[in-house]
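Step one of this worksheet: look at the structure below.
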Amino acid sequence: HEAVDFYHHYKEDIALFAEMGWKVFRLSINWGRIFPNGDDEEPNEAGLAFYDKVFDECHKHGMEPLVTLCHYEIPWNIVTKYNGFADRRVIDMFVKYATTCMKRYKDKVKYWLTFNEVDSMIRHPYTTGGLVRDRFEGKNFTEVIFQAMHHQFVASALAVKITHENIPDAKVGCMLTKLTYY
């Protein structure tokens with residue numbers, strides 16, 4: 001099953017969105033397409049080039065891209081080798097990924113989200129933080145989740161700083177879950 005197969009149909013999809021009058025197109029950059037293992041030394045140029053084409057297509061149709069850097073697709077190696085965002089080293093991996101994206105797309109994207117629903121790890125720790133409960137045997141999993149959330153918040157703050165350094169007029173932050181309440 002190929003779902004929507006945006007990878008092969010992005011031109012026609014974007015054209016249809018433009019026909020509907022869209023002015024902004026929210027999408028995510030797949031971290032694993034840029035750094036397949038998450039801890040790679042160099043980014044994957046083919047992955048970067050794909051998003052160049054997507055952003056160019058958006059602009060061709062008068063749409064501004066609104067890009068999420070991490071939307072539930074942490075590279076599998078980060079999950080299995082580092083236990084997701086439970087490992088503080090993942091902050092540096094995310095910062096490297098964010099820096100690569102900001103420098104590459106600084107002239108194509110001005111609206112950025114660092115993390116999708118950064119506060120949702122309590123409800124779904126696997127998809128949000130790459131946390132597999134069975135890998136933390138003997139530990140208080142709630143504490144693991146909160147530590148991983150802290151690491152994501154630090155990574156998000158650093159990515160915001162990097163964005164403003166590379167794209168001074170950018171709008172950047174993280175998205176909160178629709179269930180936020182006081």
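Residues in the structure tokens are numbered from 1 in each chain, the chains being A, B, ... in the order shown, and ligands are numbered from 1 in the order shown.
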
With segment 11-30 of chain A as the partner and 6 Å as the cut-off, tabulate the residues of segment 44-83 of chain A that qualify, each row holding the nearest pair of atoms and their distance in Å to one decimal, using only C-alpha atoms, sorted by chain and rising number, as a Markdown table.
```
| residue | atom | partner | partner_atom | distance |
| --- | --- | --- | --- | --- |
| A:His61 | CA | A:Ala18 | CA | 6.0 |
| A:Met63 | CA | A:Lys23 | CA | 4.5 |
| A:Glu64 | CA | A:Val24 | CA | 4.6 |
| A:Pro65 | CA | A:Phe25 | CA | 4.9 |
| A:Leu66 | CA | A:Arg26 | CA | 4.4 |
| A:Val67 | CA | A:Leu27 | CA | 5.2 |
| A:Thr68 | CA | A:Ser28 | CA | 4.5 |
| A:Leu69 | CA | A:Ile29 | CA | 5.5 |
```

Just N, CA, C and O atoms for this one: save the residues we selected as a PDB file, in the first residue's frame.
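Saved result, part18.pdb, follows:
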```
ATOM      1  N   HIS A  61       3.277  27.886  -7.623  1.00  0.00           N
ATOM      2  CA  HIS A  61       1.820  27.986  -7.519  1.00  0.00           C
ATOM      3  C   HIS A  61       1.366  29.017  -6.491  1.00  0.00           C
ATOM      4  O   HIS A  61       0.201  29.038  -6.092  1.00  0.00           O
ATOM      5  N   MET A  63       2.237  29.387  -3.306  1.00  0.00           N
ATOM      6  CA  MET A  63       2.033  28.880  -1.943  1.00  0.00           C
ATOM      7  C   MET A  63       3.312  28.991  -1.131  1.00  0.00           C
ATOM      8  O   MET A  63       4.396  28.689  -1.636  1.00  0.00           O
ATOM      9  N   GLU A  64       3.147  29.415   0.109  1.00  0.00           N
ATOM     10  CA  GLU A  64       4.269  29.440   1.052  1.00  0.00           C
ATOM     11  C   GLU A  64       4.320  28.095   1.764  1.00  0.00           C
ATOM     12  O   GLU A  64       3.318  27.637   2.313  1.00  0.00           O
ATOM     13  N   PRO A  65       5.490  27.467   1.799  1.00  0.00           N
ATOM     14  CA  PRO A  65       5.609  26.238   2.588  1.00  0.00           C
ATOM     15  C   PRO A  65       5.675  26.560   4.080  1.00  0.00           C
ATOM     16  O   PRO A  65       6.347  27.506   4.485  1.00  0.00           O
ATOM     17  N   LEU A  66       4.964  25.804   4.879  1.00  0.00           N
ATOM     18  CA  LEU A  66       5.040  25.837   6.337  1.00  0.00           C
ATOM     19  C   LEU A  66       5.582  24.470   6.727  1.00  0.00           C
ATOM     20  O   LEU A  66       4.901  23.460   6.587  1.00  0.00           O
ATOM     21  N   VAL A  67       6.832  24.440   7.182  1.00  0.00           N
ATOM     22  CA  VAL A  67       7.563  23.185   7.304  1.00  0.00           C
ATOM     23  C   VAL A  67       7.737  22.753   8.759  1.00  0.00           C
ATOM     24  O   VAL A  67       8.197  23.529   9.594  1.00  0.00           O
ATOM     25  N   THR A  68       7.393  21.501   9.023  1.00  0.00           N
ATOM     26  CA  THR A  68       7.659  20.875  10.314  1.00  0.00           C
ATOM     27  C   THR A  68       8.906  20.011  10.172  1.00  0.00           C
ATOM     28  O   THR A  68       9.004  19.206   9.242  1.00  0.00           O
ATOM     29  N   LEU A  69       9.848  20.189  11.091  1.00  0.00           N
ATOM     30  CA  LEU A  69      11.090  19.412  11.035  1.00  0.00           C
ATOM     31  C   LEU A  69      10.934  17.997  11.584  1.00  0.00           C
ATOM     32  O   LEU A  69      11.554  17.073  11.079  1.00  0.00           O
TER      33      LEU A  69
END
```

So that each row is one residue of segment 25-134 of chain A with an atom at most 12 Å from segment 170-179 of chain A, can you give its shortest atom pair and the distance in Å to one decimal, using only C-alpha atoms, rows by chain and rising number, as a Markdown table?
```
| residue | atom | partner | partner_atom | distance |
| --- | --- | --- | --- | --- |
| A:Pro65 | CA | A:Lys171 | CA | 11.7 |
| A:Leu66 | CA | A:Lys171 | CA | 9.5 |
| A:Val67 | CA | A:Val172 | CA | 9.5 |
| A:Thr68 | CA | A:Cys174 | CA | 8.4 |
| A:Leu69 | CA | A:Cys174 | CA | 9.5 |
| A:Cys70 | CA | A:Cys174 | CA | 9.7 |
| A:His71 | CA | A:Met175 | CA | 10.1 |
| A:Ala98 | CA | A:Val172 | CA | 11.8 |
| A:Met102 | CA | A:Ala170 | CA | 10.0 |
| A:Tyr105 | CA | A:Ala170 | CA | 11.3 |
| A:Lys106 | CA | A:Ala170 | CA | 8.7 |
| A:Asp107 | CA | A:Ala170 | CA | 10.3 |
| A:Lys108 | CA | A:Ala170 | CA | 10.7 |
| A:Val109 | CA | A:Ala170 | CA | 7.9 |
| A:Lys110 | CA | A:Ala170 | CA | 4.5 |
| A:Tyr111 | CA | A:Lys171 | CA | 4.9 |
| A:Trp112 | CA | A:Val172 | CA | 4.6 |
| A:Leu113 | CA | A:Cys174 | CA | 4.9 |
| A:Thr114 | CA | A:Cys174 | CA | 5.0 |
| A:Phe115 | CA | A:Cys174 | CA | 5.2 |
| A:Asn116 | CA | A:Met175 | CA | 5.2 |
| A:Glu117 | CA | A:Leu176 | CA | 4.4 |
| A:Val118 | CA | A:Leu176 | CA | 5.9 |
| A:Asp119 | CA | A:Leu176 | CA | 6.0 |
| A:Ser120 | CA | A:Thr177 | CA | 6.3 |
| A:Met121 | CA | A:Thr177 | CA | 10.0 |
| A:Ile122 | CA | A:Thr177 | CA | 11.3 |
| A:Arg123 | CA | A:Thr177 | CA | 10.5 |
| A:His124 | CA | A:Thr177 | CA | 11.7 |
| A:Thr128 | CA | A:Thr177 | CA | 11.4 |
```

Write out the residues from the selection above, keeping N, CA and C atoms, as a tab-separated table (two decimals), in the first residue's frame.
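Written out: out_15.tsv:
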```tsv
chain	number	residue	atom	x	y	z
A	65	PRO	N	5.49	27.47	1.80
A	65	PRO	CA	5.61	26.24	2.59
A	65	PRO	C	5.68	26.56	4.08
A	66	LEU	N	4.96	25.80	4.88
A	66	LEU	CA	5.04	25.84	6.34
A	66	LEU	C	5.58	24.47	6.73
A	67	VAL	N	6.83	24.44	7.18
A	67	VAL	CA	7.56	23.18	7.30
A	67	VAL	C	7.74	22.75	8.76
A	68	THR	N	7.39	21.50	9.02
A	68	THR	CA	7.66	20.87	10.31
A	68	THR	C	8.91	20.01	10.17
A	69	LEU	N	9.85	20.19	11.09
A	69	LEU	CA	11.09	19.41	11.03
A	69	LEU	C	10.93	18.00	11.58
A	70	CYS	N	10.16	17.83	12.62
A	70	CYS	CA	9.99	16.50	13.21
A	70	CYS	C	8.51	16.23	13.45
A	71	HIS	N	7.96	15.38	12.61
A	71	HIS	CA	6.53	15.07	12.67
A	71	HIS	C	6.36	13.56	12.72
A	98	ALA	N	18.48	20.25	11.84
A	98	ALA	CA	17.82	21.56	11.72
A	98	ALA	C	18.74	22.57	11.04
A	102	MET	N	17.95	24.65	7.68
A	102	MET	CA	17.89	26.12	7.69
A	102	MET	C	18.85	26.72	6.67
A	105	TYR	N	17.54	25.74	2.95
A	105	TYR	CA	16.26	26.27	2.49
A	105	TYR	C	15.98	27.69	2.95
A	106	LYS	N	17.01	28.41	3.37
A	106	LYS	CA	16.81	29.76	3.91
A	106	LYS	C	16.15	30.71	2.92
A	107	ASP	N	16.31	30.48	1.64
A	107	ASP	CA	15.69	31.35	0.64
A	107	ASP	C	14.36	30.80	0.13
A	108	LYS	N	13.93	29.64	0.66
A	108	LYS	CA	12.70	29.01	0.16
A	108	LYS	C	11.61	28.86	1.22
A	109	VAL	N	11.99	28.87	2.49
A	109	VAL	CA	11.02	28.64	3.56
A	109	VAL	C	11.20	29.70	4.63
A	110	LYS	N	10.09	30.33	5.02
A	110	LYS	CA	10.17	31.31	6.10
A	110	LYS	C	9.27	30.97	7.29
A	111	TYR	N	8.48	29.91	7.17
A	111	TYR	CA	7.62	29.47	8.25
A	111	TYR	C	8.03	28.06	8.68
A	112	TRP	N	8.42	27.92	9.96
A	112	TRP	CA	8.97	26.66	10.45
A	112	TRP	C	8.32	26.24	11.77
A	113	LEU	N	8.09	24.95	11.91
A	113	LEU	CA	7.72	24.33	13.17
A	113	LEU	C	8.84	23.33	13.50
A	114	THR	N	9.34	23.39	14.70
A	114	THR	CA	10.42	22.47	15.07
A	114	THR	C	9.89	21.06	15.28
A	115	PHE	N	8.86	20.94	16.11
A	115	PHE	CA	8.25	19.64	16.42
A	115	PHE	C	6.74	19.75	16.29
A	116	ASN	N	6.14	18.69	15.79
A	116	ASN	CA	4.69	18.60	15.78
A	116	ASN	C	4.25	18.15	17.17
A	117	GLU	N	3.31	18.87	17.76
A	117	GLU	CA	2.73	18.51	19.05
A	117	GLU	C	3.81	18.10	20.06
A	118	VAL	N	4.73	19.01	20.31
A	118	VAL	CA	5.88	18.74	21.17
A	118	VAL	C	5.45	18.27	22.56
A	119	ASP	N	4.26	18.62	22.97
A	119	ASP	CA	3.77	18.25	24.31
A	119	ASP	C	2.99	16.93	24.33
A	120	SER	N	2.99	16.17	23.26
A	120	SER	CA	2.14	14.98	23.19
A	120	SER	C	2.85	13.68	23.57
A	121	MET	N	4.08	13.76	24.03
A	121	MET	CA	4.83	12.54	24.31
A	121	MET	C	4.19	11.69	25.40
A	122	ILE	N	3.50	12.29	26.33
A	122	ILE	CA	2.85	11.53	27.39
A	122	ILE	C	1.80	10.58	26.80
A	123	ARG	N	1.09	11.04	25.79
A	123	ARG	CA	0.04	10.23	25.17
A	123	ARG	C	0.59	9.20	24.19
A	124	HIS	N	1.61	9.57	23.45
A	124	HIS	CA	2.18	8.61	22.49
A	124	HIS	C	3.70	8.79	22.44
A	128	THR	N	6.12	10.26	19.18
A	128	THR	CA	6.62	11.60	19.45
A	128	THR	C	8.10	11.61	19.79
```

Can you check which residues of segment 18-165 of chain A DSSP gives as strand (DSSP E or B) on the backbone and send them as a PyMOL selection string? chain A and resi 24-28+64-70+111-115

As a count of residues only, please: every residue in segment 108-161 of chain A that DSSP puts in helix (DSSP H, G or I). 30

Residue neighbourhood Arg135 of chain A, 10 Å, only C-alpha atoms, exclusion window fewer than 4 positions, as a ChimeraX atom specification: /A:79-80,83,131,139,141

Any idea what the distance is between atom CA of Ile91 of chain A and atom CA of Phe136 of chain A?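 Going from atom CA of Ile91 of chain A over to atom CA of Phe136 of chain A, I get 19.3 Å.
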
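What separates atom CA of Phe146 of chain A from atom CA of Thr127 of chain A is a distance of 14.7 Å.
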
With distances taken over only C-alpha atoms, the candidate from A:Trp76, A:Thr100, A:Gly130, A:Val95 nearest Asn44 of chain A is A:Thr100

Can you list, as a ChimeraX atom specification, every protein, DNA or RNA residue that comes within 7 Å of Ala155 of chain A when you count only C-alpha atoms, leaving out same-chain residues fewer than 3 positions away? /A:91,94-95,151-152,158-159

Please dump the current selection as a PDB file, in the first residue's frame; keep all heavy atoms.
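Final file, again38.pdb:
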```
ATOM      1  N   ILE A  91      19.740  15.373  20.959  1.00  0.00           N
ATOM      2  CA  ILE A  91      19.609  16.832  20.806  1.00  0.00           C
ATOM      3  C   ILE A  91      20.576  17.313  19.728  1.00  0.00           C
ATOM      4  O   ILE A  91      20.189  18.047  18.814  1.00  0.00           O
ATOM      5  CB  ILE A  91      19.885  17.571  22.134  1.00  0.00           C
ATOM      6  CG1 ILE A  91      18.827  17.235  23.175  1.00  0.00           C
ATOM      7  CG2 ILE A  91      19.953  19.083  21.896  1.00  0.00           C
ATOM      8  CD1 ILE A  91      19.158  17.744  24.575  1.00  0.00           C
ATOM      9  N   PHE A  94      19.505  16.312  16.240  1.00  0.00           N
ATOM     10  CA  PHE A  94      18.417  17.147  15.747  1.00  0.00           C
ATOM     11  C   PHE A  94      18.936  18.530  15.352  1.00  0.00           C
ATOM     12  O   PHE A  94      18.532  19.078  14.322  1.00  0.00           O
ATOM     13  CB  PHE A  94      17.297  17.273  16.791  1.00  0.00           C
ATOM     14  CG  PHE A  94      16.141  18.080  16.296  1.00  0.00           C
ATOM     15  CD1 PHE A  94      15.202  17.521  15.453  1.00  0.00           C
ATOM     16  CD2 PHE A  94      15.998  19.414  16.637  1.00  0.00           C
ATOM     17  CE1 PHE A  94      14.132  18.266  14.965  1.00  0.00           C
ATOM     18  CE2 PHE A  94      14.939  20.173  16.160  1.00  0.00           C
ATOM     19  CZ  PHE A  94      14.005  19.589  15.316  1.00  0.00           C
ATOM     20  N   VAL A  95      19.821  19.086  16.158  1.00  0.00           N
ATOM     21  CA  VAL A  95      20.381  20.408  15.859  1.00  0.00           C
ATOM     22  C   VAL A  95      21.139  20.370  14.530  1.00  0.00           C
ATOM     23  O   VAL A  95      21.020  21.291  13.718  1.00  0.00           O
ATOM     24  CB  VAL A  95      21.266  20.907  17.025  1.00  0.00           C
ATOM     25  CG1 VAL A  95      22.110  22.094  16.613  1.00  0.00           C
ATOM     26  CG2 VAL A  95      20.400  21.251  18.230  1.00  0.00           C
ATOM     27  N   HIS A 151      14.496  16.925  26.620  1.00  0.00           N
ATOM     28  CA  HIS A 151      15.466  16.929  25.523  1.00  0.00           C
ATOM     29  C   HIS A 151      14.862  17.521  24.252  1.00  0.00           C
ATOM     30  O   HIS A 151      15.532  18.259  23.524  1.00  0.00           O
ATOM     31  CB  HIS A 151      15.983  15.513  25.261  1.00  0.00           C
ATOM     32  CG  HIS A 151      16.816  14.975  26.381  1.00  0.00           C
ATOM     33  ND1 HIS A 151      17.043  13.631  26.549  1.00  0.00           N
ATOM     34  CD2 HIS A 151      17.483  15.600  27.395  1.00  0.00           C
ATOM     35  CE1 HIS A 151      17.806  13.439  27.605  1.00  0.00           C
ATOM     36  NE2 HIS A 151      18.085  14.622  28.136  1.00  0.00           N
ATOM     37  N   GLN A 152      13.593  17.222  23.987  1.00  0.00           N
ATOM     38  CA  GLN A 152      12.950  17.812  22.814  1.00  0.00           C
ATOM     39  C   GLN A 152      12.779  19.314  22.974  1.00  0.00           C
ATOM     40  O   GLN A 152      12.958  20.061  22.012  1.00  0.00           O
ATOM     41  CB  GLN A 152      11.595  17.157  22.546  1.00  0.00           C
ATOM     42  CG  GLN A 152      11.677  15.979  21.626  1.00  0.00           C
ATOM     43  CD  GLN A 152      10.327  15.555  21.087  1.00  0.00           C
ATOM     44  OE1 GLN A 152       9.274  16.042  21.475  1.00  0.00           O
ATOM     45  NE2 GLN A 152      10.361  14.593  20.179  1.00  0.00           N
ATOM     46  N   LEU A 158      17.018  25.308  20.654  1.00  0.00           N
ATOM     47  CA  LEU A 158      18.242  25.487  19.869  1.00  0.00           C
ATOM     48  C   LEU A 158      17.921  25.654  18.383  1.00  0.00           C
ATOM     49  O   LEU A 158      18.545  26.469  17.693  1.00  0.00           O
ATOM     50  CB  LEU A 158      19.197  24.313  20.098  1.00  0.00           C
ATOM     51  CG  LEU A 158      19.809  24.236  21.493  1.00  0.00           C
ATOM     52  CD1 LEU A 158      20.525  22.901  21.698  1.00  0.00           C
ATOM     53  CD2 LEU A 158      20.761  25.401  21.740  1.00  0.00           C
ATOM     54  N   ALA A 159      16.948  24.900  17.893  1.00  0.00           N
ATOM     55  CA  ALA A 159      16.557  25.022  16.488  1.00  0.00           C
ATOM     56  C   ALA A 159      15.946  26.390  16.204  1.00  0.00           C
ATOM     57  O   ALA A 159      16.178  26.970  15.134  1.00  0.00           O
ATOM     58  CB  ALA A 159      15.573  23.913  16.110  1.00  0.00           C
TER      59      ALA A 159
END
```

Find the residues near segment 38-43 of chain A: any atom within 10 Å, counting only C-alpha atoms, skip ones fewer than 2 places away on the same chain, and give them as a list of chain:residue names. A:Trp31, A:Gly32, A:Arg33, A:Ile34, A:Phe35, A:Pro36, A:Glu45, A:Ala46, A:Gly47, A:Leu48, A:Ile74, A:Pro75, A:Trp76, A:Asn77, A:Ile78, A:Val79, A:Lys81, A:Tyr82, A:Arg89, A:Val90, A:Asp92, A:Met93, A:Phe94, A:Lys96, A:Tyr97, A:Thr100, A:Cys101

Atom CA of His164 of chain A to atom CA of Ala49 of chain A: how many Å, to one decimal?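 Between atom CA of His164 of chain A and atom CA of Ala49 of chain A the gap works out to 22.9 Å.
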
Counting only C-alpha atoms, the residue of A:Tyr10, A:Gly84, A:Val4, A:Gly138 that sits nearest Asp56 of chain A: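 Nearest to Asp56 of chain A: A:Tyr10.
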
Which is closest to Ala148 of chain A among A:Arg88, A:Arg133, A:Lys103, A:Lys161, if we use only C-alpha atoms?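 Smallest distance to Ala148 of chain A is found for A:Arg88.
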
Residue with smallest distance to Phe55 of chain A - pool A:Ile145, A:Tyr72, A:Arg104, A:Asp87, counting only C-alpha atoms: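 Ranked by minimum distance to Phe55 of chain A, first place goes to A:Arg104.
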